[in-house]
Structure formats: C-alpha cells, structure tokens
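These notes concern the structure reproduced below.
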Amino acid sequence: MAYSIQNYLNIRQAYAPTVRSDGKKVAFLANITGVPQVWQTDLGGPGDAIRWPEQLSFEPDRVMGAAFSPASGDARLVYTYDSGGDENAQLFLLDGDGRHALTAGFESAVHIFTSAWSHTGDSILFAANRRDPGLFDLYHMPLEGEAALIWRSDRPGFPIGQTFSADSRQVAFSFMVNSNECRLIHLDLDSGAARVVSGREAPALILDPVFDASGSALYAITDREADFRYITCYDLADGSRTPVARFDWDAGALCMSPDRNWLGFTLNENGFALPRVLDLQSGEIRRPLEPAEAGGGVAAWLDGAMAFTPDSRRLVFSYSSPARTFDIQCWDFKETETPPRPLTRSSHGGLPPETFRPYELVHYPSFDGRRIPAWFSLPDESFARPLPVVVIVHGGPESQSVASFNFLAQYLLAHGFALLLPNVRGSSGYGKAYGHLDDVEKRMDSVADLAQAAHWLRRQPQVDPERIAVYGGSYGGFMVLSAMTAYPDLWAAGVDIVGISNFVTFLENTSAYRRAHREAEYGSLENDRHFLESISPIHHIDKLSAPLMVIHGANDPRVPLGEAQQLVQALRAREVPVEYLVFEDEGHGLAKLKNKEVAYPAVADFLARHLQGREGP
C-alpha cells in the first residue's frame, strides 16, 4: 500500500528535553499540534507505561527552546518563541500564575537563552542585540526585576552556551566570532570583571563551557591543536588548559550533572551517535546500550539538548533512527546493562514503522581522489529498476547528513525513488581539516563533490542515469542552484528551499548580526566580491535548463526573500520551467504544518512529474 504525503506530514517528533527540579516531570518540544510547543510528561521509572503528555505552551508560532529552573521545589519554566519565522526570539516565564512576558518592549531584538538559570532560580542569563542590531551583549535578569547589561560586545558575534557557576557568582560563555572561532569568556558577577580565558592562543572553537564543583575551572569542547573536537579543562587561576578526553571523532553537547561529578556529551562517530557520560573522579566513560526499538539506527539531537535528572544518575535525550521518529529517552547510566527507556511515543502518522527503509553508509570518489561519505537508500523490490534518484544536500555548510528519521526521505523511498545524502567537503563531523576544504576560494570544490555524487550514481546498476534530481535548503539551496548551473547535464530537476542565489546580495541583505559570521566561511564583500560574484548561480542562470521548484519564507532573516525573487524573475525571463511558492508567515524554512501541507505535496508532485512521468503525490 502506498501511503499519501499527508501520512508522512502527520509524523510527529519530541526533542530538546529539560527535567523539573523534583525529578518527576520532563518537559520537551513537540509538534503534536502542527507547530512546536512545550509539552511535559512523567519521568517515571522502569516498567512505567508511556503517558500522553500535557501541553504547557499555546503560542501561535513555534517555540524554540525551554528550560526548567534548577532550584529545589521550583517548577517554573522559561521558553522562547518567535513570530512568523523572524527569529526575533522572545522570552516567557511559566509559573503557577500563568504566562509572563520577560522581554516585552524589545520585540525587534533577538534573545539567545541557553537554559542558563541561577542555582537559586531567581535569575537567568541571555544574550540580545537590543543596543545594536549587529552586536550581541550579555544580560543578567532577575525574574522579579529588569535585565541588566553585564557584558558589552564591541564586535559582531554571538554569546552562546551561557552558564552559571554552582554558587551563581560567576558566569562563563563562548563568544562565537565566526564559524571557525569561539572565545571562552569568564565574568565575575560580584566585581563585574570579565576576561578572555582562552587568552592569546590561535583561533579555535571553544564550546559548551560548564563550571566544575569548586568554580575554579571550566570544562569545554574544543578543536584547539586537533582535527577533532575533544573535552578539555581550563584552570581559571592561570588560564592553563588540560585535555580531559580525546577521540577520533567530534565530541559535542557538553552538559554537567547537578552534583558536578559527571559530564554528559555526544560522540559523532561517522554520523552514528549515542550519548556518553564521563565520571570526573575516575575518568571512566560510559555509553548506553542501543535503545531496544532503535532498528539499528543512529541517535541525533536537535540543538544538542540533553539533561541530567536532579539525582545525577540519569540522562535524558532525544533519539531517532531511520526506523523511528524523534522521541525522548531516559538512560540510567549507573545501570550499565539497562538500555534507555522511552518517555514519549510520537505518532508515525498511521504508517507501519517496518515500512521505513534503512540507509547504507557509502563512500564515493571525488575529482581529487578524496572519498566522500554519503547515505544511500533504495526502495523495496516492488519498484522496477533502474530507479529515479533524489540527492538531498544538507545546509550549513557546517552541518552533516546523518541517518536520523526524515519524513520526506521515507515518503520518497515508499514511492519508488532512491536517495543519496552526501556529506561533501566542508561538512562537519569529519574533522576540522575536512570542514575547511570548501572555505572561500575552494567553494566550488564542494559543488564538484556533488557532481561526482551524480557520476557515482550513474554507475550504479539500480539507478537510471537520466533521472537524477537534486534537493536542498538554505546553503543546500545554493548547492542545488550551483550544481544545476555548473553541471547542467547531470540533473533532471531541482528543488531549492530558502537558498542563496547571489552571494553578494545575500551578504548585503542578511541580518546585520549574521554578516560577519558568514563572511568567515564564504568570503567578504570587501576582499572577495569579484570571486563571490563569479560563483553566484544567478550569474550563470543561462546554463540552467532543468525544471526547478523554489520555496521561500517571506520573513527569512538569514537568506532574504530577494534571493528567490531575483532567481525566479531571471528564470521566467528565459522561459525555464520554474514553480515558486512563498509563505508569508514563515522564515528560514517551514515550521507550520498548514504550510508544509501546501509545500511538500507540491514537492512530491513536482518530483513525480519530472522523474517518474506521473502525477503525484
């Protein structure tokens, strides 16, 4: 039986957990209503049935994050949401008296809240660009008072990973200068003194800082003097750094247990991942058994959110595999032979999970002999070979395709399409050197990797070489457009979602706080304008001939709508087949189910017509 695209759109997910201070409830984000909101359920214990969760937030737009107060007996929760995808996140407090706006009067500012509550539950930390749209400062806000600016930025960048010490008298955060550099900053709240802990060392990433029990040291994730990210410890007295745990893959998502004896983190092993915990006393690292219902898949975390329970013996995280959507799991890491147990059971839209297809990890050769990792998947044997293929390109570009659940991928597989999800050079997860292989003047090398993916597919006996489409969003949208203009003979169709068509106009019009961040990756208008113009797909549009679908959000602050408008105008002037959808209440991608119910059936129909010669979905 072939299920409709609506069934796949009805698949739900639960992610980004936070644990209440009494250890009885777990809150998380879920799109049960069609738009991500805050829900909560019982933490319970082994053998307890999974219960239907309780909805806590009722916003008209997506909730972006949530965190319970850590104070004993405190059930208050702070969450963020934006309007129409504009990413101007606002903060709200939920307590026994209802919902309270914390950032009223600053609706045009972006607020970055990373779960930073004081241990007493009476204040929070957040970053915001209230003073200048291009600059983010750090604020300390008593929940019974006004926010105070405690650290002032003099350059573009983002204070992320804000955290308090155990006594709430110190603050630390990572200041993200660009995608290649984060500085570790320490602030004494009593004196107001701030300093860069990472000193004059060469630029590196320093992420997810957490204080030790004494407040005299900071643990963090870094790639300093290493290809892969590892756990290190900074002594706050002298700024010295001691590696704690190194790996052959990237560590990430560092979090500290309430008793400050355990570090939780993730380890991305070639796109496969499960959480880990590090015993700070013995140095032992523990990993869970694979969840019983995983189906041989991988774990993936949205926003890297994990949370310890107040008793410091369980870790709560979100898990996904090709066979199951994202659900909240609880792992008792002191019971090493017990697999994590699910706390939620998200709907699969009436679809039998056994119909979901697995992914195979493959490596294909590129133009310089480098082998590019990719996920390859085929529909079942009921579909005649050779097959049409959709190549799905991730965004970022510092991102990675992993074998987590993807509703569109599973829909396409169920309807006779093969899939390839490549991690071209520049992708994260394969080391710092690999991630820099597409910087600035090397940009088109990653597009060449994409072309080589098509050539590899053409050599596979299961694949029809004349029916290969390319699909991508954001930076992945640029990859679609660039592949279709630089290598037009390889592609039968393309789908560009919120993609960049012109690097110059993109950098000129993207939000002020993002421009410097992106120039480190793409090149600057001041120094690289001619090169950026030369590689922009809009200037090679005469070479694009295959049918194209373009989807964009009118409120996109990252890749402004003008990127789609100029592209579509140029294609229509040349009478190239282009289908165009704009959603007035969306931003950088689609968050609302009502809009997905328009966009994705249109995508499914577009691919069916141009790759299978039939009407869909």
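Identifiers in the structure tokens: chain A, B, ... in order shown; residue index from 1 per chain; ligand index from 1 in order shown.
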
Fill in: Residue contacts of Arg515 (chain A) (10 Å, only C-alpha atoms) excluding same-chain residues fewer than 2 positions away, as a VMD selection string
chain A and resid 134 156 to 157 178 506 to 513 517 to 520 524 to 525 558

Got time to write the residues from that selection, N, CA and C atoms, as a short mmCIF file (atom, residue, chain, number, x, y, z; two decimals), in the first residue's frame?
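Once written, again_2.cif looks like this:
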```cif
data_model
loop_
_atom_site.label_atom_id
_atom_site.label_comp_id
_atom_site.auth_asym_id
_atom_site.auth_seq_id
_atom_site.Cartn_x
_atom_site.Cartn_y
_atom_site.Cartn_z
N GLY A 134 23.51 44.70 15.06
CA GLY A 134 24.63 43.88 14.63
C GLY A 134 25.50 43.35 15.75
N PRO A 156 30.98 42.06 16.04
CA PRO A 156 29.93 41.09 15.73
C PRO A 156 30.27 39.71 16.26
N GLY A 157 29.25 38.99 16.66
CA GLY A 157 29.42 37.65 17.19
C GLY A 157 28.27 37.31 18.12
N ASN A 178 33.10 33.64 14.64
CA ASN A 178 32.64 33.14 13.35
C ASN A 178 32.57 31.62 13.45
N PHE A 506 23.11 38.35 -0.95
CA PHE A 506 22.86 37.64 0.31
C PHE A 506 23.60 38.32 1.46
N LEU A 507 24.90 38.58 1.29
CA LEU A 507 25.67 39.19 2.35
C LEU A 507 25.26 40.64 2.60
N GLU A 508 24.83 41.33 1.55
CA GLU A 508 24.38 42.71 1.72
C GLU A 508 23.08 42.79 2.51
N ASN A 509 22.22 41.77 2.39
CA ASN A 509 20.86 41.87 2.93
C ASN A 509 20.56 40.94 4.10
N THR A 510 21.46 40.00 4.40
CA THR A 510 21.22 39.14 5.55
C THR A 510 21.23 39.99 6.82
N SER A 511 20.67 39.46 7.90
CA SER A 511 20.61 40.22 9.16
C SER A 511 21.99 40.71 9.56
N ALA A 512 22.04 41.91 10.11
CA ALA A 512 23.32 42.56 10.43
C ALA A 512 24.20 41.70 11.32
N TYR A 513 23.60 40.97 12.25
CA TYR A 513 24.39 40.18 13.19
C TYR A 513 24.95 38.91 12.55
N HIS A 517 29.70 36.74 10.56
CA HIS A 517 29.77 35.31 10.84
C HIS A 517 29.87 34.51 9.54
N ARG A 518 29.07 34.89 8.54
CA ARG A 518 29.06 34.14 7.29
C ARG A 518 30.25 34.49 6.39
N GLU A 519 30.76 35.72 6.50
CA GLU A 519 31.90 36.09 5.66
C GLU A 519 33.14 35.26 5.96
N ALA A 520 33.27 34.79 7.19
CA ALA A 520 34.42 33.95 7.52
C ALA A 520 34.40 32.65 6.73
N SER A 524 34.54 37.80 2.15
CA SER A 524 33.96 39.09 2.50
C SER A 524 33.67 39.93 1.25
N LEU A 525 32.70 40.82 1.40
CA LEU A 525 32.40 41.74 0.30
C LEU A 525 33.57 42.67 0.03
N ARG A 558 17.73 35.22 7.45
CA ARG A 558 19.05 34.68 7.11
C ARG A 558 19.33 34.81 5.61
#
```

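The gap separating CA of Gly192 (chain A) from CA of Val171 (chain A) is 10.1 Å, in Å to one decimal.
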
Discussion item. Taking 4 positions as the minimum chain separation for residues in the same chain, which residues sit within 8 Å of Ala213 (chain A) when counting only C-alpha atoms? Answer as a list in words.
Written reply: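 Residues near the query, excluding close chain neighbours: Ser165, Ala166, Asp259, Arg260 and Asn261 of chain A.
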
Worksheet item: Contacts of region 501-505 of chain A at 9 Å or less, counting only C-alpha atoms, minus same-chain residues fewer than 3 places along, as a list in words?
Response: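 Residues meeting the cut-off are Gly477, Phe478, Leu481, Ser482, Glu508, Asn509, Thr510, Tyr522, Ser524, Leu525, Arg529, Leu532, Glu533, Ile535, Ser536, Pro537, Ile538, His539, Gly562, Glu563, Ala564, Gln566 and Leu567 of chain A.
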